[in-house]
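Structure file my_file.cif; described as mmCIF, C-alpha atoms.
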```cif
data_start
#
loop_
_atom_site.label_atom_id
_atom_site.label_comp_id
_atom_site.auth_asym_id
_atom_site.auth_seq_id
_atom_site.Cartn_x
_atom_site.Cartn_y
_atom_site.Cartn_z
CA MET Y 24 -45.46 17.37 26.64
CA MET Y 25 -42.18 15.71 25.73
CA SER Y 26 -41.52 15.08 22.07
CA SER Y 27 -40.31 11.67 21.03
CA THR Y 28 -37.01 10.90 19.39
CA GLN Y 29 -37.01 8.95 16.15
CA ILE Y 30 -33.96 6.79 15.46
CA ASP Y 31 -33.69 5.16 12.03
CA ALA Y 32 -31.05 2.63 11.02
CA PRO Y 33 -32.26 1.51 7.60
CA ALA Y 34 -31.15 -1.93 6.36
CA GLY Y 35 -28.43 -2.06 3.74
CA VAL Y 36 -26.90 1.40 4.25
CA PRO Y 37 -24.38 2.53 6.94
CA PHE Y 38 -26.53 5.41 8.21
CA ILE Y 39 -28.18 6.36 11.49
CA ASP Y 40 -30.73 9.17 11.27
CA ILE Y 41 -32.09 10.75 14.43
CA THR Y 42 -34.89 13.31 14.42
CA ARG Y 43 -36.34 15.18 17.35
CA GLU Y 44 -38.44 18.32 17.77
CA PHE Y 45 -37.65 20.83 20.52
CA ASP Y 46 -39.96 23.56 21.76
CA ALA Y 47 -37.37 26.33 21.41
CA PRO Y 48 -36.01 28.52 18.60
CA ARG Y 49 -33.17 27.02 16.65
CA GLU Y 50 -30.64 29.65 17.81
CA LEU Y 51 -31.23 28.44 21.36
CA VAL Y 52 -30.88 24.75 20.50
CA PHE Y 53 -27.75 25.56 18.51
CA ARG Y 54 -26.33 27.40 21.52
CA ALA Y 55 -26.98 24.42 23.78
CA TYR Y 56 -24.85 22.40 21.32
CA THR Y 57 -22.03 24.89 20.83
CA ASP Y 58 -21.50 26.25 24.36
CA PRO Y 59 -19.49 23.60 26.27
CA GLU Y 60 -20.96 24.67 29.63
CA LEU Y 61 -24.46 24.05 28.33
CA LEU Y 62 -23.44 20.87 26.51
CA ALA Y 63 -22.13 19.39 29.76
CA GLN Y 64 -25.59 19.81 31.30
CA TRP Y 65 -27.42 17.55 28.89
CA LEU Y 66 -25.30 15.35 26.58
CA GLY Y 67 -25.58 11.67 27.49
CA PRO Y 68 -27.29 9.58 30.14
CA ARG Y 69 -28.07 11.08 33.55
CA LYS Y 70 -26.03 8.51 35.45
CA TYR Y 71 -22.68 9.78 34.14
CA LYS Y 72 -20.59 12.71 35.20
CA MET Y 73 -19.82 14.63 32.03
CA THR Y 74 -16.45 16.34 31.59
CA VAL Y 75 -15.94 18.39 28.45
CA GLU Y 76 -12.17 18.63 27.91
CA SER Y 77 -12.38 20.57 24.69
CA TRP Y 78 -15.17 21.70 22.40
CA ASP Y 79 -13.62 23.96 19.80
CA VAL Y 80 -16.56 24.64 17.48
CA ARG Y 81 -14.86 25.81 14.26
CA ASP Y 82 -13.44 24.31 11.09
CA GLY Y 83 -10.65 21.94 12.16
CA GLY Y 84 -11.39 22.40 15.86
CA LYS Y 85 -11.10 19.37 18.11
CA TRP Y 86 -13.49 18.13 20.75
CA ARG Y 87 -13.24 15.56 23.53
CA TYR Y 88 -15.45 14.63 26.45
CA VAL Y 89 -15.51 11.88 29.07
CA HIS Y 90 -18.45 10.18 30.73
CA SER Y 91 -17.56 8.71 34.11
CA ASP Y 92 -19.42 6.97 36.89
CA GLU Y 93 -18.90 6.45 40.61
CA GLN Y 94 -17.47 2.98 40.06
CA GLY Y 95 -14.46 4.51 38.32
CA ASN Y 96 -15.47 3.67 34.76
CA ALA Y 97 -14.66 6.36 32.20
CA TYR Y 98 -15.71 6.50 28.56
CA GLY Y 99 -13.91 8.96 26.31
CA PHE Y 100 -15.14 10.31 22.98
CA HIS Y 101 -13.44 12.67 20.58
CA GLY Y 102 -13.53 14.10 17.09
CA VAL Y 103 -12.91 17.05 14.84
CA PHE Y 104 -15.31 19.69 13.52
CA HIS Y 105 -15.27 19.98 9.73
CA GLY Y 106 -16.29 23.11 7.80
CA ASP Y 107 -18.33 26.08 8.97
CA GLN Y 108 -20.46 25.32 12.03
CA THR Y 109 -23.88 26.98 11.78
CA PRO Y 110 -27.51 26.07 12.56
CA ASP Y 111 -27.74 25.01 8.89
CA GLY Y 112 -25.07 22.40 9.45
CA MET Y 113 -22.58 21.19 12.02
CA THR Y 114 -20.29 18.43 10.74
CA GLN Y 115 -17.93 16.46 12.92
CA THR Y 116 -16.14 13.17 13.15
CA PHE Y 117 -16.91 10.94 16.12
CA GLU Y 118 -14.78 8.25 17.79
CA PHE Y 119 -15.49 6.20 20.89
CA GLU Y 120 -12.12 5.60 22.52
CA GLY Y 121 -13.21 2.19 23.72
CA TRP Y 122 -13.37 1.06 20.11
CA PRO Y 123 -10.32 2.62 18.43
CA GLY Y 124 -9.97 2.66 14.65
CA HIS Y 125 -13.67 3.25 14.04
CA VAL Y 126 -14.65 6.73 12.92
CA SER Y 127 -18.06 8.05 11.97
CA LEU Y 128 -19.12 11.31 10.40
CA GLU Y 129 -22.06 13.20 11.85
CA GLN Y 130 -24.06 16.10 10.45
CA LEU Y 131 -26.56 18.08 12.52
CA VAL Y 132 -29.13 20.41 10.99
CA PHE Y 133 -31.27 22.71 13.15
CA GLU Y 134 -34.44 23.33 11.16
CA ASP Y 135 -36.92 26.04 12.08
CA ARG Y 136 -40.55 24.91 12.25
CA ASP Y 137 -42.78 27.84 13.30
CA GLY Y 138 -40.46 28.92 16.09
CA LYS Y 139 -39.76 25.36 17.23
CA THR Y 140 -36.73 23.36 16.11
CA VAL Y 141 -36.51 20.07 14.31
CA LEU Y 142 -33.08 18.64 14.94
CA ARG Y 143 -31.83 16.21 12.31
CA ASN Y 144 -28.73 14.15 13.01
CA HIS Y 145 -27.36 12.14 10.08
CA SER Y 146 -24.43 9.82 10.84
CA VAL Y 147 -22.52 7.67 8.43
CA TYR Y 148 -20.27 4.77 9.44
CA GLN Y 149 -17.35 3.19 7.58
CA THR Y 150 -19.23 -0.10 7.25
CA ILE Y 151 -22.76 -1.38 7.78
CA GLU Y 152 -21.32 -3.71 10.46
CA ALA Y 153 -19.93 -0.73 12.42
CA ARG Y 154 -23.31 1.01 12.17
CA ASP Y 155 -25.03 -2.13 13.47
CA ALA Y 156 -22.56 -2.41 16.35
CA MET Y 157 -23.34 1.19 17.37
CA ILE Y 158 -27.07 0.43 17.39
CA GLU Y 159 -26.50 -2.76 19.39
CA SER Y 160 -24.37 -0.90 21.94
CA GLY Y 161 -27.54 0.56 23.39
CA MET Y 162 -27.01 4.09 22.07
CA GLU Y 163 -30.79 4.55 21.93
CA THR Y 164 -31.08 4.94 25.71
CA GLY Y 165 -28.31 7.52 25.82
CA VAL Y 166 -29.73 9.51 22.92
CA ASN Y 167 -33.26 9.53 24.33
CA GLU Y 168 -32.13 10.50 27.79
CA GLY Y 169 -29.78 13.18 26.49
CA TYR Y 170 -32.53 14.76 24.41
CA GLU Y 171 -34.92 14.70 27.37
CA ARG Y 172 -32.30 16.54 29.40
CA LEU Y 173 -31.79 19.00 26.54
CA GLU Y 174 -35.52 19.71 26.46
CA GLU Y 175 -35.49 20.36 30.20
CA LEU Y 176 -32.48 22.64 29.86
CA LEU Y 177 -34.03 24.61 26.99
CA ALA Y 178 -37.12 25.22 29.12
CA THR Y 179 -34.95 26.92 31.75
CA MET Y 180 -33.01 29.08 29.31
CA ARG Y 181 -34.31 32.55 28.61
CA GLN Y 182 -35.11 32.94 24.95
CA PRO Y 183 -32.84 35.50 23.27
CA VAL Y 184 -34.36 38.80 22.16
CA ALA Y 185 -34.67 38.76 18.36
CA MET K 207 3.69 -4.87 -16.75
CA MET K 208 1.38 -2.29 -15.17
CA SER K 209 -1.32 -3.52 -12.82
CA SER K 210 -4.83 -2.28 -13.30
CA THR K 211 -6.81 -0.29 -10.81
CA GLN K 212 -10.25 -1.55 -9.81
CA ILE K 213 -12.79 1.11 -8.79
CA ASP K 214 -16.10 -0.10 -7.35
CA ALA K 215 -19.07 2.13 -6.56
CA PRO K 216 -21.80 -0.39 -5.70
CA ALA K 217 -25.42 0.71 -6.13
CA GLY K 218 -27.37 1.55 -2.98
CA VAL K 219 -24.47 2.22 -0.61
CA PRO K 220 -22.35 5.40 -0.25
CA PHE K 221 -19.00 3.62 -0.75
CA ILE K 222 -16.16 3.79 -3.24
CA ASP K 223 -13.66 0.92 -3.07
CA ILE K 224 -10.41 1.11 -4.97
CA THR K 225 -7.97 -1.80 -5.19
CA ARG K 226 -4.58 -1.87 -6.86
CA GLU K 227 -1.55 -4.13 -6.66
CA PHE K 228 1.94 -2.63 -6.59
CA ASP K 229 5.16 -4.51 -7.23
CA ALA K 230 6.87 -3.28 -4.06
CA PRO K 231 6.88 -4.19 -0.35
CA ARG K 232 4.18 -2.56 1.70
CA GLU K 233 6.64 -0.54 3.80
CA LEU K 234 7.77 1.17 0.60
CA VAL K 235 4.25 1.89 -0.63
CA PHE K 236 3.36 3.19 2.84
CA ARG K 237 6.41 5.48 2.73
CA ALA K 238 5.35 6.87 -0.65
CA TYR K 239 2.03 7.80 1.04
CA THR K 240 3.42 9.22 4.28
CA ASP K 241 6.47 11.20 3.08
CA PRO K 242 5.14 14.49 1.62
CA GLU K 243 8.11 14.82 -0.75
CA LEU K 244 7.33 11.43 -2.26
CA LEU K 245 3.57 12.07 -2.24
CA ALA K 246 4.06 15.23 -4.30
CA GLN K 247 5.72 13.13 -7.01
CA TRP K 248 2.75 10.90 -7.75
CA LEU K 249 -0.62 11.96 -6.26
CA GLY K 250 -3.05 13.12 -8.94
CA PRO K 251 -3.00 13.63 -12.69
CA ARG K 252 0.27 14.44 -14.47
CA LYS K 253 -1.01 17.72 -15.88
CA TYR K 254 -1.16 19.48 -12.49
CA LYS K 255 1.54 21.03 -10.40
CA MET K 256 1.19 19.47 -6.95
CA THR K 257 1.89 21.56 -3.85
CA VAL K 258 1.70 19.80 -0.49
CA GLU K 259 1.08 22.51 2.12
CA SER K 260 0.86 20.16 5.05
CA TRP K 261 0.84 16.40 5.49
CA ASP K 262 0.98 15.72 9.20
CA VAL K 263 0.58 11.94 9.35
CA ARG K 264 -0.52 11.33 12.95
CA ASP K 265 -3.73 11.18 14.97
CA GLY K 266 -5.41 14.58 14.62
CA GLY K 267 -2.83 15.85 12.10
CA LYS K 268 -4.03 18.01 9.24
CA TRP K 269 -3.23 17.77 5.57
CA ARG K 270 -3.75 20.08 2.61
CA TYR K 271 -2.55 20.05 -0.98
CA VAL K 272 -3.28 22.07 -4.10
CA HIS K 273 -3.33 20.98 -7.73
CA SER K 274 -2.71 23.87 -10.11
CA ASP K 275 -2.30 24.26 -13.86
CA GLU K 276 -0.65 26.77 -16.18
CA GLN K 277 -3.97 28.52 -16.85
CA GLY K 278 -4.12 29.66 -13.22
CA ASN K 279 -6.71 27.16 -12.01
CA ALA K 280 -6.09 25.79 -8.52
CA TYR K 281 -7.92 22.96 -6.77
CA GLY K 282 -7.43 22.60 -3.02
CA PHE K 283 -8.08 19.51 -0.91
CA HIS K 284 -7.76 19.05 2.82
CA GLY K 285 -8.59 16.78 5.71
CA VAL K 286 -7.55 15.38 9.05
CA PHE K 287 -5.85 12.07 9.91
CA HIS K 288 -7.78 10.03 12.47
CA GLY K 289 -6.21 7.42 14.75
CA ASP K 290 -2.86 5.65 14.44
CA GLN K 291 -1.48 5.72 10.91
CA THR K 292 0.17 2.41 10.00
CA PRO K 293 0.35 0.09 6.97
CA ASP K 294 -2.57 -1.78 8.58
CA GLY K 295 -4.73 1.31 8.36
CA MET K 296 -4.56 5.01 7.50
CA THR K 297 -7.82 6.85 8.15
CA GLN K 298 -8.47 10.41 7.08
CA THR K 299 -11.25 12.80 6.21
CA PHE K 300 -11.26 14.28 2.72
CA GLU K 301 -12.76 17.54 1.47
CA PHE K 302 -12.57 19.13 -1.98
CA GLU K 303 -12.55 22.88 -1.39
CA GLY K 304 -14.49 23.48 -4.59
CA TRP K 305 -17.45 21.70 -3.00
CA PRO K 306 -17.54 22.88 0.62
CA GLY K 307 -19.71 21.16 3.19
CA HIS K 308 -19.10 17.68 1.81
CA VAL K 309 -16.79 15.45 3.78
CA SER K 310 -15.83 11.86 3.12
CA LEU K 311 -13.94 9.38 5.24
CA GLU K 312 -11.20 7.28 3.67
CA GLN K 313 -9.40 4.21 4.94
CA LEU K 314 -6.29 2.79 3.28
CA VAL K 315 -4.94 -0.68 4.01
CA PHE K 316 -1.56 -1.83 2.67
CA GLU K 317 -1.79 -5.60 2.42
CA ASP K 318 1.26 -7.81 1.88
CA ARG K 319 0.92 -10.38 -0.89
CA ASP K 320 4.17 -12.34 -1.29
CA GLY K 321 6.34 -9.23 -1.12
CA LYS K 322 4.03 -7.19 -3.32
CA THR K 323 1.37 -4.84 -1.95
CA VAL K 324 -2.36 -4.82 -2.45
CA LEU K 325 -3.60 -1.35 -1.65
CA ARG K 326 -7.24 -1.13 -0.57
CA ASN K 327 -8.91 2.26 -0.34
CA HIS K 328 -12.39 2.31 1.20
CA SER K 329 -14.21 5.65 1.14
CA VAL K 330 -17.58 6.46 2.61
CA TYR K 331 -19.64 9.53 1.71
CA GLN K 332 -22.36 11.29 3.70
CA THR K 333 -24.96 10.39 1.09
CA ILE K 334 -25.24 8.12 -1.94
CA GLU K 335 -25.78 11.28 -4.04
CA ALA K 336 -22.44 12.72 -2.88
CA ARG K 337 -20.73 9.43 -3.74
CA ASP K 338 -22.32 9.47 -7.19
CA ALA K 339 -21.21 13.08 -7.73
CA MET K 340 -17.62 12.11 -6.90
CA ILE K 341 -17.73 9.27 -9.45
CA GLU K 342 -19.25 11.57 -12.08
CA SER K 343 -16.55 14.21 -11.45
CA GLY K 344 -14.14 12.04 -13.42
CA MET K 345 -12.11 10.91 -10.42
CA GLU K 346 -11.31 7.66 -12.23
CA THR K 347 -8.80 9.32 -14.57
CA GLY K 348 -7.00 11.01 -11.67
CA VAL K 349 -6.86 7.84 -9.60
CA ASN K 350 -5.58 5.71 -12.49
CA GLU K 351 -2.96 8.22 -13.50
CA GLY K 352 -1.84 8.79 -9.91
CA TYR K 353 -1.39 5.06 -9.32
CA GLU K 354 0.57 4.71 -12.59
CA ARG K 355 2.87 7.46 -11.38
CA LEU K 356 3.16 5.76 -7.99
CA GLU K 357 4.16 2.51 -9.68
CA GLU K 358 6.83 4.37 -11.66
CA LEU K 359 8.10 6.07 -8.51
CA LEU K 360 8.26 2.81 -6.55
CA ALA K 361 10.38 1.28 -9.34
CA THR K 362 12.96 4.03 -8.85
CA MET K 363 13.07 3.80 -5.04
CA ARG K 364 15.63 1.52 -3.48
CA GLN K 365 14.00 -1.14 -1.41
CA PRO K 366 14.82 -0.80 2.28
CA VAL K 367 17.10 -3.40 3.84
CA ALA K 368 15.02 -5.67 6.07
#
```

Serialized structure, structure tokens:
Amino acid sequence: MMSSTQIDAPAGVPFIDITREFDAPRELVFRAYTDPELLAQWLGPRKYKMTVESWDVRDGGKWRYVHSDEQGNAYGFHGVFHGDQTPDGMTQTFEFEGWPGHVSLEQLVFEDRDGKTVLRNHSVYQTIEARDAMIESGMETGVNEGYERLEELLATMRQPVA
Amino acid sequence: MMSSTQIDAPAGVPFIDITREFDAPRELVFRAYTDPELLAQWLGPRKYKMTVESWDVRDGGKWRYVHSDEQGNAYGFHGVFHGDQTPDGMTQTFEFEGWPGHVSLEQLVFEDRDGKTVLRNHSVYQTIEARDAMIESGMETGVNEGYERLEELLATMRQPVA
């Protein structure tokens, strides 16, 4: 059974909090986030071709990917990893290139729950208005669909020997 | 007469807003922020030796500086510039190396007011608790003293010919 994704955008603060449980150990979920070849298989809506240009998972490392469709539209995103990147915390900045000058700061935590993983994604925006604009952009569909794809991918990955 | 610095940390949101007027054109104030040799002359409290290791003012450029005292204490700070850096907006991440894992996002705007400059510094923290900790660290003294030194420096700089 698919888990459901919870997306919270509480009034009065510039936060978006996303929580989702995955039926896989946290090392595996973390690997699906840090290995660019795996990332390309799940991040974002199904209708886009995903091209990961760089995904340098270390303190100060840069990342960039592009979602494109058959009509020739392309949507670029980029950012920088900040600090040590571990299952206890991955921190990165996030910019959508279609809306330059707006930066958000995202922290992922991969929490073990009896061999499954609760993924917590806490994002903070520069203003409450920018947070609201992100919610209104329809991000919910992309997040839900991406996490469904991640769950499917995890099911096909062999679990690592402890 | 010295201007005063206004520091706002409103309850319930993870923001710190700092506003200060300087009696100099905004191009000059911007230069004092972007030229590392000028920056070293004013940023931070007077009691520290300031060493700017890097200050690469461009999209994706990194910065790092260290405040040290005669007792051998050293306090490092670093971050990454995000987006175009102009008097209309300088955006950067900010980390104090004594408190790893905590990143904030800072935006400076240099606003012209009849030939003087109103500097607006908007910072957002990952949590309200982290914002509160920054306020309680005594940042106010450092900010006030740094801006006093900046005002003194600006008074000694020749104004650029238009």

>> From (-35.4, 15.6, 10.0), in the file's coordinates, out to 9 Å: which residues are reached, counting all atoms listed in the file? Answer as an NGL selection string.
In response: :Y and (40-44 or 132-134 or 141-145)

> Quick one: which residues end up in the PyMOL selection byres ((chain Y) within 12 of (chain K)) for this structure, as a VMD selection string?
Replying inline: chain Y and resid 33 to 40 82 to 87 101 to 109 111 to 120 122 to 131 144 to 151

>> Using only C-alpha atoms, list the residues that have an atom at most 7 Å from (-15.5, 10.5, 30.0), coordinates as in the file, as a list in words.
In response: Met73, Thr74, Tyr88, Val89, His90, Ser91, Ala97, Tyr98 and Gly99 of chain Y

Name the residues that the PyMOL selection byres ((chain Y and resi 177) around 8) picks from the file above, as a PDB file with C-alpha atoms, keeping the file's coordinate frame, using the file's chain letters and numbers.
```
ATOM      1  CA  ASP Y  46     -39.960  23.560  21.760  1.00  0.00           C
ATOM      2  CA  ALA Y  47     -37.370  26.330  21.410  1.00  0.00           C
ATOM      3  CA  LEU Y  51     -31.230  28.440  21.360  1.00  0.00           C
ATOM      4  CA  VAL Y  52     -30.880  24.750  20.500  1.00  0.00           C
ATOM      5  CA  ALA Y  55     -26.980  24.420  23.780  1.00  0.00           C
ATOM      6  CA  LEU Y 173     -31.790  19.000  26.540  1.00  0.00           C
ATOM      7  CA  GLU Y 174     -35.520  19.710  26.460  1.00  0.00           C
ATOM      8  CA  GLU Y 175     -35.490  20.360  30.200  1.00  0.00           C
ATOM      9  CA  LEU Y 176     -32.480  22.640  29.860  1.00  0.00           C
ATOM     10  CA  ALA Y 178     -37.120  25.220  29.120  1.00  0.00           C
ATOM     11  CA  THR Y 179     -34.950  26.920  31.750  1.00  0.00           C
ATOM     12  CA  MET Y 180     -33.010  29.080  29.310  1.00  0.00           C
TER      13      MET Y 180
END
```

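Nearest residue to K:Thr347 among K:Pro293, K:Asp241, K:Gly304, K:Gly250 is K:Gly250, counting all atoms listed in the file.
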
Put a box with edges along x, y and z around all the listed atoms of stretch 261-273 of chain K, pad it by 6 Å on each side, then give me its centre and sizes in Å, one decimal, as lines of an AutoDock Vina configuration file.
```
center_x = -2.2
center_y = 16.6
center_z = 3.6
size_x = 18.4
size_y = 22.9
size_z = 34.7
```

>> What's around K:Pro251 at 7 Å? Count all atoms listed in the file, leave out sequence neighbours fewer than 2 positions away in its own chain, and write the answer as an MDAnalysis selection string.
In response: chainID K and resid 253:254 348 351:352

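With only C-alpha atoms as the basis for measurement, Y:Asp31 is the residue among Y:Ser26, Y:Asp31, Y:Arg136, Y:Arg69 that approaches Y:Arg154 most closely.
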
> For the file shown, what are the residues hit by the PyMOL selection byres ((chain K and resi 243) around 12), laid out as a ChimeraX atom specification?
Replying inline: /K:237-242,244-249,256-261,271,359

> How many Å lie between atom CA of Y:Lys72 and atom CA of Y:Glu152, rounded to one decimal?
Replying inline: 29.7 Å
